[in-house]
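Since the structure comes first, as structure tokens, the remarks are kept for the end.
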Amino acid sequence: MKFITSCKHYGGLAMILAAAITCASVSSAQPTWQAGVAKIDITPTESMWLAGYAARDKPSEGVLHPLWVKALALQDAEGKRAVLITADHLGIPKQMSEVIRNRIKENLGLERAQIILSGSHTHSGPVLDDSLMCIYPAGDADIEKIKKYSRWLEAQTVTVAEQAFSNLTPVQLASANGVTRFAVNRRNNKEAEILSTHEFKGPVDHAVPVIKVSKADGGLLAVVFGYACHNTTLCDQFFCGDYAGFAQIELETQHPGATALFFAGCGADQNPMPRRTVALAQQYGCELASAVDRAMTDPMQTLDPVFRTEYLETELALETPPTREQLEAMLPGAAPYLKKGIEKFIHELDAGKPLQNSYMYPVQIWKMGAQPLVVLGGETVVDYTILIKQLLGRDVFVMTYANDVCSYIPSVRVLKEGGYEGGGAQILYGLPSVWKDDVEARILTVVRELAQKAGVEVKLTELPSTASPK
């Protein structure tokens, strides 16, 4: 079973307009960016468990469209290099991230600040090793498949970075924000009532950040784009990149020879609504691609070939972990996947191992010319985009589900409200307790510090917060 999408929107007109108003061709006599792209098909060749939903009760049954890992290699006028790697999967867990980034450092000489590992967070990709393993009713043979595929994916991710650097060419970079509006705050709006709802509640971020990579002849080499919404239109048994996959297909169809790379924004509390059909996933993909095309035809900010990259892991504290007695009291009535997580903590305590009380959390900033990109780990709620835009300006781009998808990252507001994103998912991610209420301030403090190091203007003297009324 396989679907091919074609929006047949204004794609042809968009390409004509883009050609008419495209920036001047890159001159070889002027300092310029160098860029290279590569992509590798990472669709599993056998049936495997699909990631993201505890409700699935069987492995995959086919493919709607291929899954990809893609890389954009960049080098500025002074020779500083970095690589953005995007992929159609739920997100890279810590152990896999460590392996991949260490190999890239060994093979290409890039430090952590120069590498971004971004997952689209599609819930129609394969399960990865050591990622939410307690929620899948997988047997020993299934787990062996997951481990084998994960080791293969690690190698392909390193290879795609190497391939991207092997074909560097002079380019021009430009940035802009588009907009599309299918993301809905899932904490504040009921999915079952969405078609009769006329006043949506809760914060959202409908911006579509776009980086256009143009070749010397003015043609499109690559486009990087993002959106702050869970990649959860689909919940069936078929491998698929969901709306983000269809958006990339549409852009590559409308711009032959170009590579489209999607990154997830702070959409941990956002869902595409309505959802649950392939037609809707295709529709949202076309809407997103249209927003990207429109942004590329409007005037864009040309980015000077000057690159700054910063990276830091900061310690986020957890509340006091539960005792063995408290864990045992949680077992009766707990869902099977929760029981597996609770029993794991009990085994750790019985083995004399103290439960985790903090986590080293990755924060990263790239500054390409005048365009800042803030990169966060975990499943980060939309409040962080809003706060970071208050801190650094409305045109900042914010990516999450990157480098280490360790847990949900709630704001103070969401943490106090509770619920799934506020702490209910912690056990699924192998964390024994919720974050302390300074989680928001700790992350924003590091964002501000790295922004200052990267030469990004900080707009506020005090940190913005969701702890007090706006």
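Starting from 1 in every chain, residues are counted up; chains themselves are A, B, ... following the order of the structure tokens, and ligands are numbered from 1 as listed.
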If you count only C-alpha atoms, which residues fall within 10 Å of stretch 414-428 of chain A, apart from same-chain ones fewer than 2 positions away, as JSON, numbers by chain?
{"A": [54, 131, 132, 133, 134, 135, 187, 268, 269, 337, 338, 339, 340, 341, 342, 344, 345, 379, 380, 381, 383, 406, 407, 408, 409, 410, 411, 412, 430, 431, 432, 433, 434, 435, 436, 437, 439, 440, 466, 467]}
DSSP on the backbone, then: every residue of stretch 25-220 of chain A marked strand (DSSP E), written as a ChimeraX atom specification.
/A:33-41,62-63,68-75,81-87,115-119,169-179,183-185,207-215,220
Neighbouring residues of stretch 312-323 of chain A were defined as those with any atom within 10 Å, considering only C-alpha atoms; residues of the same chain fewer than 6 positions away were excluded. Please report them as a PyMOL selection string.
chain A and resi 112-113+329+345-346+349+354-365+377+431-440+442-443+445-447+449-450
Dump C-alpha atoms for the selected residues as a PDB file, in the first residue's frame?
```
ATOM      1  CA  ARG A 112      28.657  18.809  19.608  1.00  0.00           C
ATOM      2  CA  ALA A 113      27.889  22.482  18.903  1.00  0.00           C
ATOM      3  CA  ALA A 329       1.505   1.065  45.941  1.00  0.00           C
ATOM      4  CA  PHE A 345      12.499   1.220  39.244  1.00  0.00           C
ATOM      5  CA  ILE A 346      11.821  -1.434  41.902  1.00  0.00           C
ATOM      6  CA  LEU A 349      16.309  -0.154  44.109  1.00  0.00           C
ATOM      7  CA  PRO A 354      19.533   4.930  43.703  1.00  0.00           C
ATOM      8  CA  LEU A 355      16.854   6.318  41.427  1.00  0.00           C
ATOM      9  CA  GLN A 356      17.748   9.203  39.170  1.00  0.00           C
ATOM     10  CA  ASN A 357      17.221  12.699  40.611  1.00  0.00           C
ATOM     11  CA  SER A 358      18.435  14.879  37.717  1.00  0.00           C
ATOM     12  CA  TYR A 359      19.130  14.843  33.990  1.00  0.00           C
ATOM     13  CA  MET A 360      21.735  16.528  31.802  1.00  0.00           C
ATOM     14  CA  TYR A 361      19.667  18.403  29.207  1.00  0.00           C
ATOM     15  CA  PRO A 362      21.044  19.666  25.852  1.00  0.00           C
ATOM     16  CA  VAL A 363      20.630  23.267  24.697  1.00  0.00           C
ATOM     17  CA  GLN A 364      22.174  24.510  21.457  1.00  0.00           C
ATOM     18  CA  ILE A 365      22.252  27.690  19.386  1.00  0.00           C
ATOM     19  CA  GLY A 377      16.096  18.403  23.562  1.00  0.00           C
ATOM     20  CA  LEU A 431      12.335   9.087  34.897  1.00  0.00           C
ATOM     21  CA  PRO A 432      11.012   8.310  38.387  1.00  0.00           C
ATOM     22  CA  SER A 433       9.534  11.721  39.254  1.00  0.00           C
ATOM     23  CA  VAL A 434       8.457  15.041  37.766  1.00  0.00           C
ATOM     24  CA  TRP A 435      10.718  17.999  37.066  1.00  0.00           C
ATOM     25  CA  LYS A 436      11.232  20.584  39.770  1.00  0.00           C
ATOM     26  CA  ASP A 437       9.476  23.869  39.156  1.00  0.00           C
ATOM     27  CA  ASP A 438      12.709  25.649  38.196  1.00  0.00           C
ATOM     28  CA  VAL A 439      12.898  23.664  34.932  1.00  0.00           C
ATOM     29  CA  GLU A 440      11.684  26.588  32.837  1.00  0.00           C
ATOM     30  CA  ARG A 442      17.057  26.768  34.088  1.00  0.00           C
ATOM     31  CA  ILE A 443      16.479  26.199  30.379  1.00  0.00           C
ATOM     32  CA  THR A 445      18.945  30.871  31.552  1.00  0.00           C
ATOM     33  CA  VAL A 446      21.096  28.631  29.363  1.00  0.00           C
ATOM     34  CA  VAL A 447      19.350  29.864  26.201  1.00  0.00           C
ATOM     35  CA  GLU A 449      23.798  32.593  28.043  1.00  0.00           C
ATOM     36  CA  LEU A 450      24.385  30.756  24.766  1.00  0.00           C
TER      37      LEU A 450
END
```
Quick one: residues within 8 Å of stretch 271-283 of chain A, only C-alpha atoms, excluding same-chain residues fewer than 5 positions away - as a VMD selection string?
chain A and resid 5 7 182 to 186 191 194 to 195 229 to 235 242 to 243 246 to 247
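Minimum distance to A:Leu108 across A:Val127, A:Val204, A:Val456, A:Val158 (counting only C-alpha atoms) occurs at A:Val158.
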Which residues of stretch 258-278 of chain A have any atom within 9 Å of an atom in stretch 69-81 of chain A when counting only C-alpha atoms, and what is the closest pair of atoms for each, with the distance in Å to one decimal? Order the rows by chain and rising number and write it as a tab-separated table.
```
residue	atom	partner	partner_atom	distance
A:Thr259	CA	A:Lys70	CA	8.2
A:Ala260	CA	A:Lys70	CA	8.5
A:Leu261	CA	A:Lys70	CA	6.8
```
Restricted to N, CA and C atoms, what would the selected residues look like written as an mmCIF file, in the first residue's frame?
```
data_model
loop_
_atom_site.group_PDB
_atom_site.id
_atom_site.type_symbol
_atom_site.label_atom_id
_atom_site.label_comp_id
_atom_site.auth_asym_id
_atom_site.auth_seq_id
_atom_site.Cartn_x
_atom_site.Cartn_y
_atom_site.Cartn_z
ATOM 1 N N THR A 259 16.343 19.346 -1.985
ATOM 2 C CA THR A 259 16.119 18.490 -0.814
ATOM 3 C C THR A 259 15.379 19.295 0.243
ATOM 4 N N ALA A 260 14.273 18.756 0.738
ATOM 5 C CA ALA A 260 13.480 19.406 1.779
ATOM 6 C C ALA A 260 13.731 18.708 3.102
ATOM 7 N N LEU A 261 14.072 19.489 4.127
ATOM 8 C CA LEU A 261 14.386 18.955 5.452
ATOM 9 C C LEU A 261 13.456 19.587 6.477
#
```
Residue with the minimum atom-to-atom distance to A:Gln248, picked from A:Arg294, A:Arg103, A:His65, A:Lys459 with only C-alpha atoms counted, is A:His65
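Relative to atom CA of A:Trp366, atom CA of A:Val83 is found at 10.7 Å.
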Give me every alpha helix (DSSP H) residue in stretch 143-219 of chain A, going by DSSP on the backbone, as a VMD selection string.
chain A and resid 143 to 165
Go through stretch 89-143 of chain A residue by residue and, counting only C-alpha atoms, keep those with an atom at most 12 Å from stretch 304-310 of chain A; for each kept residue give the shortest atom pair and its distance in Å to one decimal, ordered by chain and increasing number, as a Markdown table.
```
| residue | atom | partner | partner_atom | distance |
| --- | --- | --- | --- | --- |
| A:Leu110 | CA | A:Thr309 | CA | 11.1 |
| A:Glu111 | CA | A:Thr309 | CA | 9.7 |
| A:Arg112 | CA | A:Glu310 | CA | 8.4 |
| A:Ala113 | CA | A:Glu310 | CA | 5.0 |
| A:Gln114 | CA | A:Thr309 | CA | 6.1 |
| A:Ile115 | CA | A:Thr309 | CA | 9.2 |
| A:Ile116 | CA | A:Thr309 | CA | 10.5 |
```
Just to be explicit: take each residue in the selection above, keep C-alpha atoms, and write the result as a PDB file, in the first residue's frame.
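Now in result29.pdb:
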```pdb
ATOM      1  CA  LEU A 110      32.831  18.264  14.324  1.00  0.00           C
ATOM      2  CA  GLU A 111      32.098  19.092  17.964  1.00  0.00           C
ATOM      3  CA  ARG A 112      28.657  18.809  19.608  1.00  0.00           C
ATOM      4  CA  ALA A 113      27.889  22.482  18.903  1.00  0.00           C
ATOM      5  CA  GLN A 114      28.335  21.811  15.176  1.00  0.00           C
ATOM      6  CA  ILE A 115      25.963  18.824  14.957  1.00  0.00           C
ATOM      7  CA  ILE A 116      22.163  18.809  15.167  1.00  0.00           C
TER       8      ILE A 116
END
```
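Between atom CA of A:Arg101 and atom CA of A:Gly119 lies a distance of 14.5 Å.
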Exercise: A:Leu67 partners within 6 Å, only C-alpha atoms, chain neighbours under 3 positions left out, as a PyMOL selection string:
chain A and resi 41-43+88
Which residue gives the smallest distance to A:Ala295 among A:Ser47, A:Asn107, A:Ser465, A:Asn177, with only C-alpha atoms counted?
A:Asn177
List as an NGL selection string the protein and nucleic acid residues near A:Leu90, meaning an atom at most 9 Å away when only C-alpha atoms are counted, but skip any in the same chain fewer than 3 places from it.
:A and (51-52 or 87 or 119-128 or 131 or 231 or 401 or 405)
Now that the selection is made, can you save its residues with C-alpha atoms as a PDB file, in the first residue's frame?
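New file result_27.pdb:
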```pdb
ATOM      1  CA  ALA A  51       6.831   4.080  17.667  1.00  0.00           C
ATOM      2  CA  GLY A  52       4.822   6.540  19.706  1.00  0.00           C
ATOM      3  CA  ALA A  87      15.015  12.108   9.983  1.00  0.00           C
ATOM      4  CA  GLY A 119      13.695  13.854  14.536  1.00  0.00           C
ATOM      5  CA  SER A 120      10.351  14.715  12.928  1.00  0.00           C
ATOM      6  CA  HIS A 121       8.544  12.875  15.757  1.00  0.00           C
ATOM      7  CA  THR A 122       6.405  10.914  13.327  1.00  0.00           C
ATOM      8  CA  HIS A 123       4.377   8.302  15.179  1.00  0.00           C
ATOM      9  CA  SER A 124       4.542   6.103  12.078  1.00  0.00           C
ATOM     10  CA  GLY A 125       8.255   5.345  12.191  1.00  0.00           C
ATOM     11  CA  PRO A 126      10.069   2.337  13.690  1.00  0.00           C
ATOM     12  CA  VAL A 127      10.765   1.942  17.391  1.00  0.00           C
ATOM     13  CA  LEU A 128      14.366   2.814  18.268  1.00  0.00           C
ATOM     14  CA  SER A 131      13.283   4.761  23.503  1.00  0.00           C
ATOM     15  CA  ASN A 231       3.406  14.552  13.930  1.00  0.00           C
ATOM     16  CA  TYR A 401      13.013  16.840  19.542  1.00  0.00           C
ATOM     17  CA  VAL A 405      14.488  13.092  23.199  1.00  0.00           C
TER      18      VAL A 405
END
```
Pick out the residues sitting within 10 Å of A:Thr302, and hand them over as a PDB file with C-alpha atoms, in the first residue's frame; count only C-alpha atoms, and ignore anything fewer than 4 positions along from it in its own chain.
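Listed below is the output, selection-v7.pdb:
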```
ATOM      1  CA  CYS A  23      18.298  36.810  -4.975  1.00  0.00           C
ATOM      2  CA  GLN A 172      23.319  31.731  -0.604  1.00  0.00           C
ATOM      3  CA  LEU A 173      21.206  31.386   2.546  1.00  0.00           C
ATOM      4  CA  ALA A 174      18.032  33.339   3.280  1.00  0.00           C
ATOM      5  CA  SER A 175      15.405  33.072   6.010  1.00  0.00           C
ATOM      6  CA  ALA A 176      11.770  33.998   6.614  1.00  0.00           C
ATOM      7  CA  ILE A 211      15.792  28.616   5.501  1.00  0.00           C
ATOM      8  CA  LYS A 212      16.272  28.715   1.751  1.00  0.00           C
ATOM      9  CA  MET A 368      23.668  31.879  10.608  1.00  0.00           C
ATOM     10  CA  GLY A 369      24.343  35.459   9.594  1.00  0.00           C
ATOM     11  CA  ALA A 370      21.632  37.321  11.524  1.00  0.00           C
ATOM     12  CA  GLN A 371      19.347  34.286  11.911  1.00  0.00           C
TER      13      GLN A 371
END
```
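Relative to atom CA of A:Val396, atom CA of A:Val374 is found at 7.5 Å.
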